[in-house]
file run.cif (mmCIF, C-alpha atoms)
data_start
loop_
_atom_site.group_PDB
_atom_site.id
_atom_site.type_symbol
_atom_site.label_atom_id
_atom_site.label_comp_id
_atom_site.auth_asym_id
_atom_site.auth_seq_id
_atom_site.Cartn_x
_atom_site.Cartn_y
_atom_site.Cartn_z
ATOM 1 C CA MET Q 3 117.369 14.085 -63.120
ATOM 2 C CA PRO Q 4 115.248 12.537 -60.359
ATOM 3 C CA LYS Q 5 116.399 9.430 -58.594
ATOM 4 C CA ALA Q 6 114.411 6.174 -59.065
ATOM 5 C CA LYS Q 7 112.282 5.260 -56.090
ATOM 6 C CA LYS Q 8 113.457 2.237 -54.150
ATOM 7 C CA SER Q 9 111.029 -0.547 -55.020
ATOM 8 C CA SER Q 10 111.960 -3.258 -52.563
ATOM 9 C CA LYS Q 11 110.746 -2.821 -49.045
ATOM 10 C CA ARG Q 12 112.202 -4.605 -46.056
ATOM 11 C CA LYS Q 13 110.169 -7.756 -45.415
ATOM 12 C CA LYS Q 14 108.604 -8.013 -42.001
ATOM 13 C CA PHE Q 15 106.903 -10.992 -40.442
ATOM 14 C CA ASP Q 16 103.137 -10.652 -40.426
ATOM 15 C CA TYR Q 17 101.915 -11.768 -37.026
ATOM 16 C CA ASN Q 18 98.271 -11.420 -38.058
ATOM 17 C CA GLN Q 19 98.448 -14.240 -40.618
ATOM 18 C CA ASP Q 20 97.775 -17.763 -39.380
ATOM 19 C CA ARG Q 21 100.386 -19.860 -41.174
ATOM 20 C CA LYS Q 22 98.769 -23.183 -40.307
ATOM 21 C CA LYS Q 23 95.451 -22.042 -41.777
ATOM 22 C CA MET Q 24 97.168 -20.719 -44.913
ATOM 23 C CA ARG Q 25 98.956 -24.051 -45.430
ATOM 24 C CA LYS Q 26 95.695 -25.988 -45.031
ATOM 25 C CA ARG Q 27 93.963 -23.668 -47.506
ATOM 26 C CA SER Q 28 96.659 -24.144 -50.134
ATOM 27 C CA ASN Q 29 96.618 -27.921 -49.636
ATOM 28 C CA LYS Q 30 92.848 -27.963 -50.151
ATOM 29 C CA LYS Q 31 93.192 -25.929 -53.323
ATOM 30 C CA TYR Q 32 96.001 -27.869 -54.967
ATOM 31 C CA ASN Q 33 95.297 -31.357 -53.583
ATOM 32 C CA PRO Q 34 91.515 -31.626 -53.334
ATOM 33 C CA ARG Q 35 89.936 -34.617 -51.636
ATOM 34 C CA ILE Q 36 87.988 -36.615 -54.218
ATOM 35 C CA GLU Q 37 85.005 -38.171 -52.475
ATOM 36 C CA ASN Q 38 84.139 -40.771 -55.116
ATOM 37 C CA SER Q 39 86.351 -43.838 -54.731
ATOM 38 C CA GLN Q 40 86.248 -44.867 -58.422
ATOM 39 C CA ILE Q 41 87.389 -41.437 -59.602
ATOM 40 C CA ARG Q 42 89.963 -41.151 -56.797
ATOM 41 C CA ASN Q 43 91.565 -44.498 -57.723
ATOM 42 C CA ALA Q 44 91.766 -43.625 -61.424
ATOM 43 C CA TRP Q 45 93.015 -40.062 -60.845
ATOM 44 C CA ASP Q 46 96.475 -39.099 -62.084
ATOM 45 C CA ASN Q 47 97.968 -36.147 -60.192
ATOM 46 C CA LYS Q 48 100.385 -35.392 -63.022
ATOM 47 C CA LYS Q 49 97.555 -34.610 -65.445
ATOM 48 C CA SER Q 50 95.139 -31.704 -65.477
ATOM 49 C CA THR Q 51 91.567 -32.014 -64.252
ATOM 50 C CA ALA Q 52 90.174 -31.737 -67.769
ATOM 51 C CA LYS Q 53 92.510 -34.439 -69.079
ATOM 52 C CA ASN Q 54 91.735 -36.777 -66.170
ATOM 53 C CA LEU Q 55 87.989 -36.429 -66.632
ATOM 54 C CA GLN Q 56 88.285 -36.808 -70.398
ATOM 55 C CA GLU Q 57 90.170 -40.094 -69.986
ATOM 56 C CA MET Q 58 87.418 -41.351 -67.694
ATOM 57 C CA GLY Q 59 84.708 -40.365 -70.182
ATOM 58 C CA LEU Q 60 83.301 -37.615 -67.949
ATOM 59 C CA ALA Q 61 82.573 -33.997 -68.846
ATOM 60 C CA PHE Q 62 84.750 -31.197 -67.515
ATOM 61 C CA ASP Q 63 82.717 -28.378 -69.050
ATOM 62 C CA PRO Q 64 79.043 -29.287 -69.551
ATOM 63 C CA ASN Q 65 78.491 -26.196 -71.692
ATOM 64 C CA ARG Q 66 80.916 -27.525 -74.288
ATOM 65 C CA THR Q 67 79.709 -31.112 -73.971
ATOM 66 C CA VAL Q 68 76.011 -30.337 -74.446
ATOM 67 C CA PRO Q 69 75.947 -26.955 -76.165
ATOM 68 C CA ILE Q 70 72.847 -24.769 -76.196
ATOM 69 C CA LYS Q 71 71.815 -23.948 -79.728
ATOM 70 C CA LYS Q 72 71.184 -20.238 -80.177
ATOM 71 C CA SER Q 73 69.025 -18.902 -82.966
ATOM 72 C CA SER Q 74 70.934 -16.305 -84.855
ATOM 73 C CA LEU Q 75 69.729 -13.335 -86.853
ATOM 74 C CA LEU Q 76 72.699 -13.516 -89.188
ATOM 75 C CA GLY Q 77 72.059 -16.987 -90.506
ATOM 76 C CA PRO Q 78 72.430 -20.627 -89.661
ATOM 77 C CA ASP Q 79 74.658 -21.405 -86.702
ATOM 78 C CA LYS Q 80 77.698 -23.545 -87.023
ATOM 79 C CA PRO Q 81 77.371 -26.472 -84.625
ATOM 80 C CA THR Q 82 80.019 -26.385 -81.937
ATOM 81 C CA LYS Q 83 81.701 -29.703 -81.478
ATOM 82 C CA ALA Q 84 82.476 -31.086 -78.064
ATOM 83 C CA PRO Q 85 86.102 -32.067 -77.528
ATOM 84 C CA THR Q 86 86.265 -35.749 -78.288
ATOM 85 C CA GLY Q 87 89.061 -37.556 -76.588
ATOM 86 C CA ILE Q 88 90.023 -41.158 -76.290
ATOM 87 C CA VAL Q 89 88.501 -42.773 -73.224
ATOM 88 C CA THR Q 90 91.312 -44.841 -71.763
ATOM 89 C CA LYS Q 91 89.554 -45.584 -68.469
ATOM 90 C CA PRO Q 92 86.014 -46.725 -69.388
ATOM 91 C CA TYR Q 93 85.778 -48.902 -66.267
ATOM 92 C CA VAL Q 94 85.279 -45.757 -64.174
ATOM 93 C CA LEU Q 95 82.207 -44.788 -66.181
ATOM 94 C CA ASN Q 96 80.863 -48.360 -66.018
ATOM 95 C CA GLN Q 97 81.313 -48.475 -62.227
ATOM 96 C CA LEU Q 98 79.608 -45.094 -61.820
ATOM 97 C CA GLN Q 99 76.654 -46.227 -63.939
ATOM 98 C CA LYS Q 100 76.398 -49.492 -61.998
ATOM 99 C CA GLU Q 101 76.440 -47.586 -58.714
ATOM 100 C CA ALA Q 102 73.803 -45.132 -59.960
ATOM 101 C CA ASN Q 103 71.470 -47.951 -61.062
ATOM 102 C CA VAL Q 104 71.365 -49.535 -57.597
ATOM 103 C CA PRO Q 105 68.053 -48.488 -56.027
ATOM 104 C CA GLU Q 106 68.347 -46.555 -52.799
ATOM 105 C CA ARG Q 107 67.049 -48.478 -49.817
ATOM 106 C CA ASP Q 108 64.424 -46.733 -47.738
ATOM 107 C CA CYS Q 109 66.073 -46.752 -44.330
ATOM 108 C CA LYS Q 110 63.587 -44.454 -42.627
ATOM 109 C CA THR Q 111 62.143 -45.795 -39.425
ATOM 110 C CA LEU Q 112 59.455 -44.621 -37.066
ATOM 111 C CA SER Q 113 59.569 -44.181 -33.326
ATOM 112 C CA SER Q 114 58.121 -46.923 -31.157
ATOM 113 C CA ASP Q 115 55.562 -44.445 -29.783
ATOM 114 C CA LEU Q 116 54.264 -43.675 -33.265
ATOM 115 C CA ILE Q 117 54.063 -47.391 -34.113
ATOM 116 C CA GLU Q 118 52.069 -48.063 -30.927
ATOM 117 C CA TYR Q 119 49.837 -45.066 -31.701
ATOM 118 C CA ALA Q 120 49.110 -46.316 -35.226
ATOM 119 C CA GLN Q 121 48.437 -49.864 -34.000
ATOM 120 C CA TYR Q 122 46.097 -48.619 -31.262
ATOM 121 C CA MET Q 123 44.128 -46.472 -33.694
ATOM 122 C CA ILE Q 124 43.771 -49.321 -36.213
ATOM 123 C CA ARG Q 125 42.843 -51.772 -33.443
ATOM 124 C CA GLU Q 126 40.141 -49.493 -32.026
ATOM 125 C CA HIS Q 127 38.681 -47.807 -35.117
ATOM 126 C CA ASN Q 128 39.763 -49.833 -38.220
ATOM 127 C CA ASP Q 129 39.462 -47.344 -41.118
ATOM 128 C CA ASP Q 130 37.329 -44.655 -39.455
ATOM 129 C CA PHE Q 131 39.724 -41.714 -39.405
ATOM 130 C CA LYS Q 132 37.132 -39.261 -38.059
ATOM 131 C CA ALA Q 133 36.624 -41.460 -35.007
ATOM 132 C CA MET Q 134 40.411 -41.695 -34.633
ATOM 133 C CA ALA Q 135 40.632 -37.902 -34.581
ATOM 134 C CA GLN Q 136 38.053 -37.779 -31.749
ATOM 135 C CA ASP Q 137 39.729 -40.532 -29.744
ATOM 136 C CA GLU Q 138 40.990 -39.610 -26.268
ATOM 137 C CA LYS Q 139 44.447 -41.023 -27.051
ATOM 138 C CA ASN Q 140 44.853 -38.473 -29.847
ATOM 139 C CA TYR Q 141 46.938 -36.251 -27.569
ATOM 140 C CA TYR Q 142 48.353 -34.061 -30.318
ATOM 141 C CA GLN Q 143 44.904 -33.417 -31.798
ATOM 142 C CA ASP Q 144 45.833 -34.787 -35.216
ATOM 143 C CA THR Q 145 43.304 -34.291 -37.974
ATOM 144 C CA PRO Q 146 41.908 -37.334 -39.806
ATOM 145 C CA LYS Q 147 44.255 -36.664 -42.726
ATOM 146 C CA GLN Q 148 47.294 -36.451 -40.431
ATOM 147 C CA ILE Q 149 46.362 -39.747 -38.780
ATOM 148 C CA LYS Q 150 45.858 -41.372 -42.169
ATOM 149 C CA ARG Q 151 49.290 -40.095 -43.249
ATOM 150 C CA LYS Q 152 50.910 -41.522 -40.102
ATOM 151 C CA ILE Q 153 49.293 -44.916 -40.635
ATOM 152 C CA ASN Q 154 50.361 -44.946 -44.289
ATOM 153 C CA GLU Q 155 53.917 -44.082 -43.190
ATOM 154 C CA TYR Q 156 53.820 -47.003 -40.763
ATOM 155 C CA MET Q 157 52.606 -49.304 -43.547
ATOM 156 C CA ARG Q 158 55.365 -48.087 -45.882
ATOM 157 C CA CYS Q 159 58.282 -48.146 -43.447
ATOM 158 C CA HIS Q 160 57.474 -51.374 -41.618
ATOM 159 C CA PRO Q 161 55.521 -53.580 -44.053
ATOM 160 C CA ASP Q 162 56.413 -56.866 -42.307
ATOM 161 C CA ASP Q 163 55.361 -55.587 -38.882
ATOM 162 C CA PHE Q 164 52.168 -54.142 -40.342
ATOM 163 C CA ASP Q 165 51.254 -57.420 -42.057
ATOM 164 C CA ALA Q 166 51.923 -59.384 -38.862
ATOM 165 C CA PHE Q 167 49.808 -56.893 -36.889
ATOM 166 C CA MET Q 168 46.905 -57.146 -39.354
ATOM 167 C CA ASP Q 169 47.108 -60.964 -39.263
ATOM 168 C CA SER Q 170 46.969 -60.879 -35.463
ATOM 169 C CA LEU Q 171 43.831 -58.714 -35.648
ATOM 170 C CA ALA Q 172 42.151 -61.071 -38.111
ATOM 171 C CA ALA Q 173 43.098 -64.246 -36.195
ATOM 172 C CA PRO Q 174 40.706 -64.073 -33.147
#

call {"tool": "encode", "arguments": {"input": "run.cif", "output": "structure tokens"}}
result
Amino acid sequence: MPKAKKSSKRKKFDYNQDRKKMRKRSNKKYNPRIENSQIRNAWDNKKSTAKNLQEMGLAFDPNRTVPIKKSSLLGPDKPTKAPTGIVTKPYVLNQLQKEANVPERDCKTLSSDLIEYAQYMIREHNDDFKAMAQDEKNYYQDTPKQIKRKINEYMRCHPDDFDAFMDSLAAP
């Protein structure tokens, strides 16, 4: 009768594994950083992800929440019901909706060189974009459409400055 093979092998330290990196990886997996402050404050570490999201009124699995109806050859489909749970933290959903409804401010700005370029072109040629394209200050050889786009960008990003500039042109 053959002897059973020894299953346990002597454990050796693996010098090729970076322990610090392994620890960081496991921390990221089991304690993820929640970016949204409302969700992070309402999160309960003792509960599962699905349970936490269900209490907040959010969907864990969108496929179960909004199912896709499939046409079947066998007959009418039975509608799959989404898991309905009691929302105990509706304030999270309300805060998220309020935050989503705030319009995003256009914080784009233009360089001072581009603003001076647009003002010079308007000052010299008014609305004649073809003349602007042939101007000697058109160093980058912009086409009339490109110049028009730059002026429109200036009007959109700096409306107060543009209005003041146009008033100064009309004043003399």

call {"tool": "resolve_selection", "arguments": {"input": "run.cif", "expression": "the PyMOL selection byres ((chain Q and resi 54) around 12)", "output": "count of residues only"}}
result
28

call {"tool": "closest_residue", "arguments": {"input": "run.cif", "among": "Q:Asn96, Q:Gln136, Q:Ile153, Q:Val104", "to": "Gln121 of chain Q", "atoms": "only C-alpha atoms"}}
result
Q:Ile153

call {"tool": "axis_aligned_box", "arguments": {"input": "run.cif", "around": "segment 17-26 of chain Q", "padding_each_side": "3 Å", "output": "lines of an AutoDock Vina configuration file"}}
result
center_x = 98.7
center_y = -18.7
center_z = -41.2
size_x = 12.5
size_y = 20.6
size_z = 14.4

call {"tool": "closest_residue", "arguments": {"input": "run.cif", "among": "Q:Asp16, Q:Asp165, Q:Glu126, Q:Glu118", "to": "Lys152 of chain Q", "atoms": "all atoms listed in the file"}}
result
Q:Glu118

call {"tool": "residues_around", "arguments": {"input": "run.cif", "residues": "segment 111-113 of chain Q", "least_positions_apart": "5", "cutoff": "10 Å", "atoms": "all atoms listed in the file", "output": "list in words"}}
result
Glu118, Tyr119, Lys152, Glu155, Tyr156, Arg158, Cys159 and His160 of chain Q

call {"tool": "atom_distance", "arguments": {"input": "run.cif", "atom1": "atom CA of Asp162 of chain Q", "atom2": "atom CA of Ile117 of chain Q"}}
result
12.7 Å

call {"tool": "closest_residue", "arguments": {"input": "run.cif", "among": "Q:Asp115, Q:Gln99, Q:Lys150, Q:Met168", "to": "Asp130 of chain Q", "atoms": "all atoms listed in the file"}}
result
Q:Lys150

call {"tool": "atom_distance", "arguments": {"input": "run.cif", "atom1": "atom CA of Ala135 of chain Q", "atom2": "atom CA of Phe164 of chain Q"}}
result
20.7 Å

call {"tool": "residues_around", "arguments": {"input": "run.cif", "residues": "Lys132 of chain Q", "least_positions_apart": "6", "cutoff": "10 Å", "atoms": "all atoms listed in the file", "output": "PyMOL selection string"}}
result
chain Q and resi 145-147+149-150

call {"tool": "atom_distance", "arguments": {"input": "run.cif", "atom1": "atom CA of Tyr142 of chain Q", "atom2": "atom CA of Met123 of chain Q"}}
result
13.5 Å

call {"tool": "closest_residue", "arguments": {"input": "run.cif", "among": "Q:Leu98, Q:Glu138, Q:Arg66, Q:Phe15", "to": "Gln40 of chain Q", "atoms": "all atoms listed in the file"}}
result
Q:Leu98

call {"tool": "build_atoms", "arguments": {"input": "run.cif", "residues": "segment 113-124 of chain Q", "atoms": "N, CA, C and O atoms", "output": "PDB file, in the frame of the given file"}}
result
ATOM      1  N   SER Q 113      59.367 -43.977 -34.750  1.00  0.00           N
ATOM      2  CA  SER Q 113      59.569 -44.181 -33.326  1.00  0.00           C
ATOM      3  C   SER Q 113      58.603 -45.248 -32.814  1.00  0.00           C
ATOM      4  O   SER Q 113      57.535 -45.481 -33.396  1.00  0.00           O
ATOM      5  N   SER Q 114      58.976 -45.874 -31.731  1.00  0.00           N
ATOM      6  CA  SER Q 114      58.121 -46.923 -31.157  1.00  0.00           C
ATOM      7  C   SER Q 114      56.789 -46.343 -30.690  1.00  0.00           C
ATOM      8  O   SER Q 114      55.743 -47.009 -30.767  1.00  0.00           O
ATOM      9  N   ASP Q 115      56.799 -45.100 -30.211  1.00  0.00           N
ATOM     10  CA  ASP Q 115      55.562 -44.445 -29.783  1.00  0.00           C
ATOM     11  C   ASP Q 115      54.594 -44.283 -30.949  1.00  0.00           C
ATOM     12  O   ASP Q 115      53.389 -44.519 -30.807  1.00  0.00           O
ATOM     13  N   LEU Q 116      55.120 -43.876 -32.092  1.00  0.00           N
ATOM     14  CA  LEU Q 116      54.264 -43.675 -33.265  1.00  0.00           C
ATOM     15  C   LEU Q 116      53.714 -45.005 -33.765  1.00  0.00           C
ATOM     16  O   LEU Q 116      52.562 -45.090 -34.194  1.00  0.00           O
ATOM     17  N   ILE Q 117      54.525 -46.060 -33.698  1.00  0.00           N
ATOM     18  CA  ILE Q 117      54.063 -47.391 -34.113  1.00  0.00           C
ATOM     19  C   ILE Q 117      52.939 -47.853 -33.186  1.00  0.00           C
ATOM     20  O   ILE Q 117      51.899 -48.339 -33.649  1.00  0.00           O
ATOM     21  N   GLU Q 118      53.115 -47.674 -31.886  1.00  0.00           N
ATOM     22  CA  GLU Q 118      52.069 -48.063 -30.927  1.00  0.00           C
ATOM     23  C   GLU Q 118      50.803 -47.249 -31.154  1.00  0.00           C
ATOM     24  O   GLU Q 118      49.686 -47.777 -31.071  1.00  0.00           O
ATOM     25  N   TYR Q 119      50.968 -45.963 -31.441  1.00  0.00           N
ATOM     26  CA  TYR Q 119      49.837 -45.066 -31.701  1.00  0.00           C
ATOM     27  C   TYR Q 119      49.049 -45.557 -32.920  1.00  0.00           C
ATOM     28  O   TYR Q 119      47.816 -45.673 -32.867  1.00  0.00           O
ATOM     29  N   ALA Q 120      49.767 -45.859 -33.999  1.00  0.00           N
ATOM     30  CA  ALA Q 120      49.110 -46.316 -35.226  1.00  0.00           C
ATOM     31  C   ALA Q 120      48.407 -47.651 -34.986  1.00  0.00           C
ATOM     32  O   ALA Q 120      47.256 -47.851 -35.437  1.00  0.00           O
ATOM     33  N   GLN Q 121      49.047 -48.562 -34.264  1.00  0.00           N
ATOM     34  CA  GLN Q 121      48.437 -49.864 -34.000  1.00  0.00           C
ATOM     35  C   GLN Q 121      47.185 -49.714 -33.128  1.00  0.00           C
ATOM     36  O   GLN Q 121      46.166 -50.370 -33.376  1.00  0.00           O
ATOM     37  N   TYR Q 122      47.258 -48.856 -32.126  1.00  0.00           N
ATOM     38  CA  TYR Q 122      46.097 -48.619 -31.262  1.00  0.00           C
ATOM     39  C   TYR Q 122      44.932 -48.079 -32.076  1.00  0.00           C
ATOM     40  O   TYR Q 122      43.785 -48.544 -31.934  1.00  0.00           O
ATOM     41  N   MET Q 123      45.202 -47.092 -32.908  1.00  0.00           N
ATOM     42  CA  MET Q 123      44.128 -46.472 -33.694  1.00  0.00           C
ATOM     43  C   MET Q 123      43.491 -47.477 -34.655  1.00  0.00           C
ATOM     44  O   MET Q 123      42.263 -47.508 -34.811  1.00  0.00           O
ATOM     45  N   ILE Q 124      44.322 -48.314 -35.291  1.00  0.00           N
ATOM     46  CA  ILE Q 124      43.771 -49.321 -36.213  1.00  0.00           C
ATOM     47  C   ILE Q 124      42.986 -50.356 -35.419  1.00  0.00           C
ATOM     48  O   ILE Q 124      41.910 -50.799 -35.847  1.00  0.00           O
TER      49      ILE Q 124
END
